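S.K.: Input file: data25.tsv. Contents: TSV, C-alpha atoms and all ligand atoms.
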```
chain	number	residue	atom	x	y	z
A	1	MET	CA	2.88	-34.07	11.60
A	2	LYS	CA	6.47	-33.02	11.92
A	3	PRO	CA	8.12	-30.64	9.44
A	4	PRO	CA	10.35	-32.07	6.72
A	5	ARG	CA	14.09	-31.92	7.40
A	6	PHE	CA	15.70	-28.54	6.85
A	7	GLU	CA	18.94	-26.89	7.77
A	8	TYR	CA	18.46	-24.07	10.30
A	9	HIS	CA	20.55	-20.90	9.98
A	10	ALA	CA	20.43	-18.17	12.64
A	11	PRO	CA	21.97	-15.01	11.15
A	12	SER	CA	22.26	-12.12	13.61
A	13	THR	CA	22.25	-9.15	11.20
A	14	VAL	CA	20.25	-8.11	8.14
A	15	ASP	CA	23.43	-8.22	6.02
A	16	GLU	CA	24.17	-11.79	7.13
A	17	THR	CA	20.58	-12.74	6.35
A	18	CYS	CA	20.79	-11.25	2.85
A	19	ALA	CA	24.10	-13.02	2.21
A	20	LEU	CA	22.53	-16.33	3.22
A	21	LEU	CA	19.45	-15.74	1.06
A	22	ALA	CA	21.73	-14.98	-1.89
A	23	SER	CA	23.84	-18.10	-1.44
A	24	LEU	CA	21.29	-20.74	-0.43
A	25	GLU	CA	18.89	-22.42	-2.75
A	26	ASP	CA	15.28	-22.82	-1.67
A	27	ALA	CA	15.71	-20.87	1.57
A	28	LYS	CA	12.78	-19.35	3.50
A	29	VAL	CA	12.82	-16.50	5.99
A	30	LEU	CA	11.43	-17.52	9.40
A	31	ALA	CA	9.95	-14.56	11.29
A	32	GLY	CA	7.23	-15.33	13.87
A	33	GLY	CA	6.68	-18.76	12.38
A	34	GLN	CA	2.91	-18.50	12.94
A	35	SER	CA	2.17	-19.19	9.29
A	36	LEU	CA	5.36	-20.85	8.10
A	37	MET	CA	5.58	-23.52	10.83
A	38	PRO	CA	2.03	-24.83	10.26
A	39	LEU	CA	2.80	-24.95	6.54
A	40	LEU	CA	5.96	-26.97	7.23
A	41	ASN	CA	4.16	-29.23	9.67
A	42	PHE	CA	1.51	-29.98	7.11
A	43	ARG	CA	4.31	-30.47	4.60
A	44	LEU	CA	2.62	-28.00	2.27
A	45	ALA	CA	5.60	-26.29	1.93
A	46	ARG	CA	13.24	-17.11	8.22
A	47	PRO	CA	13.74	-11.62	10.57
A	48	ALA	CA	12.13	-8.37	11.27
A	49	HIS	CA	10.15	-7.99	14.50
A	50	LEU	CA	7.74	-5.17	15.17
A	51	VAL	CA	5.11	-4.99	17.89
A	52	VAL	CA	2.42	-2.45	17.00
A	53	GLU	CA	-0.69	-3.45	18.90
A	54	ASP	CA	-0.02	-1.50	22.12
A	55	SER	CA	2.00	1.35	20.64
A	56	GLU	CA	0.61	4.78	21.63
A	57	LEU	CA	2.42	6.34	18.68
A	58	VAL	CA	0.77	3.99	16.20
A	59	ALA	CA	-2.63	4.52	17.85
A	60	ARG	CA	-2.21	8.29	17.45
A	61	VAL	CA	-0.72	8.44	13.95
A	62	CYS	CA	-2.26	5.40	12.33
A	63	PRO	CA	-5.23	4.20	14.42
A	64	LEU	CA	-6.39	2.14	11.44
A	65	LEU	CA	-3.26	-0.01	11.81
A	66	SER	CA	-3.91	-0.47	15.54
A	67	ALA	CA	-7.52	-1.46	14.89
A	68	ALA	CA	-6.51	-3.92	12.15
A	69	THR	CA	-3.80	-5.52	14.31
A	70	ARG	CA	-6.37	-6.38	16.99
A	71	LEU	CA	-8.34	-8.37	14.43
A	72	VAL	CA	-5.38	-10.64	13.58
A	73	ALA	CA	-5.82	-14.01	15.29
A	74	HIS	CA	-5.42	-14.05	19.09
A	75	ARG	CA	-2.97	-12.06	21.19
A	76	VAL	CA	-0.78	-15.07	21.87
A	77	ILE	CA	-0.32	-15.57	18.12
A	78	ARG	CA	0.14	-11.84	17.50
A	79	ASN	CA	2.87	-11.75	20.14
A	80	ARG	CA	4.95	-14.02	17.94
A	81	GLY	CA	3.78	-13.12	14.44
A	82	THR	CA	5.40	-10.13	12.79
A	83	LEU	CA	4.00	-7.37	10.67
A	84	CYS	CA	6.46	-7.98	7.81
A	85	GLY	CA	5.75	-11.73	8.10
A	86	SER	CA	2.04	-11.11	7.65
A	87	ILE	CA	2.65	-8.94	4.59
A	88	ALA	CA	5.18	-11.34	3.03
A	89	HIS	CA	2.88	-14.29	3.66
A	90	ALA	CA	0.13	-12.51	1.66
A	91	ASP	CA	-2.83	-14.53	2.84
A	92	PRO	CA	-5.79	-13.12	0.87
A	93	ALA	CA	-7.85	-12.99	4.09
A	94	SER	CA	-5.21	-11.05	6.07
A	95	GLU	CA	-6.02	-7.64	7.47
A	96	LEU	CA	-2.60	-5.94	7.32
A	97	PRO	CA	-1.97	-6.28	3.55
A	98	ALA	CA	-5.40	-4.72	2.90
A	99	VAL	CA	-4.61	-1.84	5.26
A	100	LEU	CA	-1.28	-1.28	3.49
A	101	LEU	CA	-3.12	-1.19	0.17
A	102	ALA	CA	-5.93	1.12	1.38
A	103	LEU	CA	-3.39	3.59	2.81
A	104	GLY	CA	-1.18	3.47	-0.28
A	105	GLY	CA	1.80	2.34	1.77
A	106	HIS	CA	4.97	0.60	0.69
A	107	VAL	CA	7.58	-1.86	1.88
A	108	VAL	CA	11.36	-1.92	1.58
A	109	ALA	CA	13.03	-5.16	0.49
A	110	ARG	CA	16.75	-5.70	0.94
A	111	SER	CA	19.08	-8.21	-0.68
A	112	LYS	CA	22.78	-8.48	-1.51
A	113	ARG	CA	21.87	-6.65	-4.72
A	114	GLY	CA	20.66	-3.62	-2.75
A	115	GLU	CA	17.44	-2.13	-1.46
A	116	ARG	CA	14.21	-1.39	-3.28
A	117	LYS	CA	10.87	0.15	-2.48
A	118	ILE	CA	7.76	-1.78	-3.48
A	119	GLU	CA	4.45	0.08	-3.50
A	120	ALA	CA	1.51	-1.85	-2.01
A	121	GLY	CA	-0.21	-1.76	-5.42
A	122	GLY	CA	2.64	-3.76	-6.97
A	123	LEU	CA	3.30	-6.08	-4.06
A	124	PHE	CA	0.52	-8.63	-3.91
A	125	ALA	CA	0.59	-10.95	-6.90
A	126	GLY	CA	-1.73	-13.84	-5.97
A	127	VAL	CA	-2.71	-16.22	-3.20
A	128	PHE	CA	0.37	-16.32	-0.90
A	129	GLU	CA	2.34	-14.66	-3.73
A	130	THR	CA	4.18	-11.35	-3.72
A	131	SER	CA	6.74	-9.56	-5.89
A	132	ILE	CA	9.38	-10.07	-3.15
A	133	ALA	CA	12.22	-12.11	-4.68
A	134	PRO	CA	13.47	-15.27	-2.95
A	135	ASP	CA	16.75	-13.56	-2.00
A	136	GLU	CA	15.00	-10.48	-0.58
A	137	LEU	CA	14.20	-9.72	3.07
A	138	LEU	CA	11.42	-7.32	3.98
A	139	VAL	CA	13.05	-4.82	6.32
A	140	GLU	CA	10.48	-2.01	6.47
A	141	ALA	CA	6.75	-1.52	6.03
A	142	TRP	CA	5.50	2.08	5.71
A	143	PHE	CA	1.90	2.81	6.67
A	144	PRO	CA	0.92	6.44	5.96
A	145	LYS	CA	-1.18	8.33	8.54
A	146	SER	CA	-4.80	7.15	8.67
A	147	PRO	CA	-7.10	9.67	7.01
A	148	LYS	CA	-10.51	10.27	8.60
A	149	PRO	CA	-12.93	8.67	8.60
A	150	PHE	CA	-11.45	5.20	8.73
A	151	ALA	CA	-12.81	1.74	9.51
A	152	ILE	CA	-11.91	-1.91	9.32
A	153	LEU	CA	-14.78	-4.36	9.50
A	154	GLU	CA	-14.81	-8.09	8.96
A	155	GLU	CA	-16.95	-11.14	9.48
A	156	SER	CA	-15.48	-14.38	10.75
A	157	ARG	CA	-16.98	-17.54	12.18
A	158	ARG	CA	-15.28	-17.12	15.56
A	159	HIS	CA	-13.28	-14.32	17.15
A	160	GLY	CA	-9.65	-14.71	16.02
A	161	ASP	CA	-10.45	-16.72	12.91
A	162	PHE	CA	-9.39	-15.52	9.49
A	163	ALA	CA	-12.10	-13.30	7.97
A	164	LEU	CA	-14.67	-14.71	5.55
A	165	ALA	CA	-14.66	-11.21	4.06
A	166	GLY	CA	-13.50	-7.81	5.24
A	167	VAL	CA	-13.39	-4.14	4.26
A	168	VAL	CA	-10.97	-1.33	5.04
A	169	ARG	CA	-12.03	2.29	4.67
A	170	ALA	CA	-9.35	4.98	4.57
A	171	GLY	CA	-11.12	8.25	3.81
A	172	ASP	CA	-12.84	7.67	0.46
A	173	THR	CA	-10.67	4.67	-0.39
A	174	LEU	CA	-12.01	1.15	0.04
A	175	ALA	CA	-9.94	-2.04	0.09
A	176	LEU	CA	-11.37	-5.54	0.43
A	177	PHE	CA	-9.86	-8.74	1.78
A	178	GLY	CA	-10.93	-12.39	1.77
A	179	VAL	CA	-12.81	-12.07	-1.51
A	180	ALA	CA	-10.07	-12.24	-4.18
A	181	PRO	CA	-6.63	-13.83	-4.53
A	182	THR	CA	-5.11	-10.57	-3.20
A	183	PRO	CA	-6.43	-7.56	-1.31
A	184	VAL	CA	-8.16	-5.30	-3.84
A	185	LEU	CA	-9.27	-1.68	-4.13
A	186	ALA	CA	-12.97	-1.28	-4.89
A	187	ASP	CA	-15.60	1.33	-5.61
A	188	ALA	CA	-17.60	2.01	-2.43
A	189	LYS	CA	-20.79	2.49	-4.50
A	190	ASP	CA	-20.53	-0.96	-6.07
A	191	PRO	CA	-17.97	-2.90	-3.99
A	192	SER	CA	-18.74	-6.40	-5.25
A	193	ARG	CA	-18.43	-5.54	-8.96
A	194	GLY	CA	-16.11	-7.91	-10.83
A	195	LEU	CA	-15.37	-10.07	-7.79
A	196	GLN	CA	-15.34	-13.85	-7.99
A	197	PRO	CA	-14.73	-14.99	-4.43
A	198	SER	CA	-13.81	-18.58	-3.74
A	199	SER	CA	-16.16	-21.15	-2.29
A	200	ASP	CA	-15.14	-23.29	0.66
A	201	LEU	CA	-16.62	-24.99	3.71
A	202	GLU	CA	-16.87	-21.62	5.47
A	203	ALA	CA	-18.83	-19.56	2.93
A	204	THR	CA	-20.27	-19.55	-0.57
A	205	PRO	CA	-19.15	-16.88	-3.07
A	206	GLU	CA	-22.63	-15.31	-2.86
A	207	PHE	CA	-22.38	-15.01	0.92
A	208	ARG	CA	-18.93	-13.40	0.63
A	209	LEU	CA	-20.31	-10.89	-1.89
A	210	HIS	CA	-23.23	-10.16	0.42
A	211	LEU	CA	-20.79	-9.58	3.31
A	212	VAL	CA	-18.70	-7.17	1.23
A	213	ARG	CA	-21.76	-5.09	0.33
A	214	ALA	CA	-23.11	-5.07	3.89
A	215	LEU	CA	-19.74	-4.26	5.49
A	216	THR	CA	-19.07	-1.48	2.97
A	217	LEU	CA	-22.46	0.12	3.69
A	218	LYS	CA	-21.63	0.01	7.39
A	219	ALA	CA	-18.10	1.39	6.93
A	220	PHE	CA	-19.35	4.31	4.83
A	221	ALA	CA	-22.46	4.99	6.93
A	222	ALA	CA	-20.47	6.62	9.72
B	1	LIG	C1	-4.64	-19.80	14.57
B	1	LIG	C2	-4.10	-18.71	13.70
B	1	LIG	C3	-4.99	-17.68	13.33
B	1	LIG	C4	-4.53	-16.67	12.52
B	1	LIG	N1	-5.41	-15.67	12.16
B	1	LIG	C5	-4.98	-14.65	11.39
B	1	LIG	C6	-5.85	-13.59	11.01
B	1	LIG	O1	-7.02	-13.51	11.40
B	1	LIG	N2	-5.36	-12.61	10.20
B	1	LIG	C7	-4.05	-12.62	9.75
B	1	LIG	O2	-3.66	-11.71	9.00
B	1	LIG	N3	-3.20	-13.61	10.09
B	1	LIG	C8	-3.62	-14.61	10.90
B	1	LIG	N4	-2.74	-15.61	11.26
B	1	LIG	C9	-1.38	-15.56	10.72
B	1	LIG	C10	-0.45	-14.80	11.68
B	1	LIG	O3	-0.78	-13.46	11.79
B	1	LIG	C11	0.99	-14.93	11.15
B	1	LIG	O4	1.83	-14.68	12.23
B	1	LIG	C12	1.43	-14.02	10.01
B	1	LIG	O5	0.60	-14.10	8.94
B	1	LIG	C13	2.83	-14.40	9.55
B	1	LIG	O6	3.74	-13.75	10.35
B	1	LIG	P1	5.02	-14.51	10.94
B	1	LIG	O7	5.92	-13.42	11.47
B	1	LIG	O8	4.57	-15.57	11.90
B	1	LIG	O9	5.65	-15.14	9.62
B	1	LIG	P2	6.27	-16.60	9.33
B	1	LIG	O10	5.23	-17.64	9.60
B	1	LIG	O11	7.60	-16.72	10.02
B	1	LIG	O12	6.51	-16.45	7.77
B	1	LIG	C14	5.41	-16.39	6.87
B	1	LIG	C15	5.97	-16.24	5.44
B	1	LIG	O13	6.52	-14.93	5.24
B	1	LIG	C16	7.93	-15.03	4.92
B	1	LIG	N5	8.59	-13.94	5.66
B	1	LIG	C17	8.46	-13.68	6.99
B	1	LIG	N6	9.15	-12.56	7.32
B	1	LIG	C18	9.74	-12.12	6.17
B	1	LIG	C19	10.58	-10.99	5.85
B	1	LIG	N7	10.94	-10.09	6.79
B	1	LIG	N8	11.00	-10.85	4.56
B	1	LIG	C20	10.62	-11.76	3.61
B	1	LIG	N9	9.82	-12.83	3.85
B	1	LIG	C21	9.39	-13.01	5.10
B	1	LIG	C22	8.37	-16.43	5.38
B	1	LIG	O14	9.49	-16.89	4.64
B	1	LIG	C23	7.10	-17.23	5.11
B	1	LIG	O15	7.01	-17.55	3.76
B	1	LIG	C24	-3.17	-16.65	12.08
B	1	LIG	C25	-2.28	-17.67	12.47
B	1	LIG	C26	-2.73	-18.68	13.28
B	1	LIG	C27	-1.77	-19.77	13.69
```
Is it possible to give me this structure as structure tokens?
M.R.:
Amino acid sequence: MKPPRFEYHAPSTVDETCALLASLEDAKVLAGGQSLMPLLNFRLARPAHLVVEDSELVARVCPLLSAATRLVAHRVIRNRGTLCGSIAHADPASELPAVLLALGGHVVARSKRGERKIEAGGLFAGVFETSIAPDELLVEAWFPKSPKPFAILEESRRHGDFALAGVVRAGDTLALFGVAPTPVLADAKDPSRGLQPSSDLEATPEFRLHLVRALTLKAFAA
């Protein structure tokens, strides 16, 4: 299918982008387009670019972020997709939002009204929902240094697919993804407590709960 008709604006600065977001009704930021374009094409429904996968600095300071990035889709998709786009998209099965949550990071959103910091704990509101306002542009994502030990483990049907369930360990902190409407913090001793994962063609809720328990054991066994 082809996307519905829309007017395309190509601002060249953050200020121009914020001015457009403030003046236009029903506008969307297009970053890498790897999530937004399929949504438009299916008729189910614009920039900050940051490449982190091969960065030596990121690998040294926040190896957890490097490891998580390699689990996102395939390289060809990652080369277009952006880190802020992944966070703003807030897919419950995404790796990077869970890493942000596990590390206690934050993002910076800018609009014509000014700039504000949003802690990871207050950012993810539901499936594909965040506390970023329609006129706001994510301009920064802050990932604190990875504590040791750290791990990110997930199970997916095929390499590059979204995870059926996944766990992020940052020191003693555990965050889960793919098992709730948002990434969630959990108790490593009883990681599946209170979870009600969804059922779909890929996995039953029980299987997702089993995966969370097994992956947590593995992440904390090291
Ligand atoms: C086959 C396939 C497999 C994939 N597998 C995975 C996977 O395993 N794990 C995973 O996490 N992702 C996966 N993805 C998604 C991919 O990583 C996306 O690129 C990413 O989620 C969105 O980034 P983007 O830059 O392409 O955003 P876009 O698609 O351009 O935008 C996504 C949403 O975020 C908003 N947005 C984008 N940037 C900003 C900003 N700076 N400020 C405010 N709002 C903004 C847009 O308006 C839109 O609503 C997959 C995608 C494909 C096509």
S.K.: If we count only C-alpha atoms, what is near range 153-159 of chain A at a cut-off of 12 Å, once residues fewer than 2 positions away on the same chain are taken out, given as an NGL selection string?
M.R.: :A and (64 or 67-68 or 70-75 or 93-95 or 98-99 or 150-151 or 161-170 or 174-179 or 201-203 or 207-220)
S.K.: How big is the axis-aligned box, and where does its centre sit, when it encloses all atoms of ligand LIG 1 (chain B) listed in the file and has 3 Å added on every side, reported in Å to one decimal as lines of an AutoDock Vina configuration file?
M.R.:
```
center_x = 2.0
center_y = -14.9
center_z = 9.1
size_x = 24.0
size_y = 15.7
size_z = 17.0
```
S.K.: Select, from A:Gly194, A:Gly122, A:Gly85, A:Pro4, the residue with the minimum atom-to-atom distance to ligand LIG 1 (chain B), counting all atoms listed in the file.
M.R.: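 Result for the nearest residue to ligand LIG 1 (chain B): A:Gly85.
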S.K.: Extract, using only C-alpha atoms, all DNA, RNA and protein residues at most 7 Å from range 108-110 of chain A, discarding same-chain residues fewer than 6 positions from it, and format them as a PyMOL selection string.
M.R.: chain A and resi 116-118+136-141
S.K.: Restricting the calculation to all atoms listed in the file, which member of A:Val14, A:Asp54, A:His106, A:Thr182 is positioned closest to Asp91 in chain A?
M.R.: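 Of all the options, A:Thr182 lies closest to Asp91 in chain A.
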S.K.: Which value, in Å to one decimal, gives the distance between atom O2 of ligand LIG 1 (chain B) and CA of Pro183 in chain A?
M.R.: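 Taking atom O2 of ligand LIG 1 (chain B) and CA of Pro183 in chain A, their separation equals 11.5 Å.
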S.K.: Report the distance between CA of Lys112 in chain A and CA of Phe143 in chain A in Å, rounded to one decimal place.
M.R.: 25.1 Å
S.K.: One decimal, Å: what's the distance from CA of Leu185 in chain A over to CA of Asp135 in chain A, could you say?
M.R.: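 Value for the CA of Leu185 in chain A-CA of Asp135 in chain A distance: 28.7 Å.
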S.K.: Quick one: everything within 9 Å of Thr69 in chain A, counting only C-alpha atoms, minus sequence neighbours fewer than 5 positions away in the same chain. Send it as a PyMOL selection string.
M.R.: chain A and resi 52-53+64+78+83+95-96
S.K.: Could those selected residues go to a file with C-alpha atoms, as a PDB file, keeping the file's coordinate frame?
M.R.:
```
ATOM      1  CA  VAL A  52       2.420  -2.450  17.000  1.00  0.00           C
ATOM      2  CA  GLU A  53      -0.690  -3.450  18.900  1.00  0.00           C
ATOM      3  CA  LEU A  64      -6.390   2.140  11.440  1.00  0.00           C
ATOM      4  CA  ARG A  78       0.140 -11.840  17.500  1.00  0.00           C
ATOM      5  CA  LEU A  83       4.000  -7.370  10.670  1.00  0.00           C
ATOM      6  CA  GLU A  95      -6.020  -7.640   7.470  1.00  0.00           C
ATOM      7  CA  LEU A  96      -2.600  -5.940   7.320  1.00  0.00           C
TER       8      LEU A  96
END
```
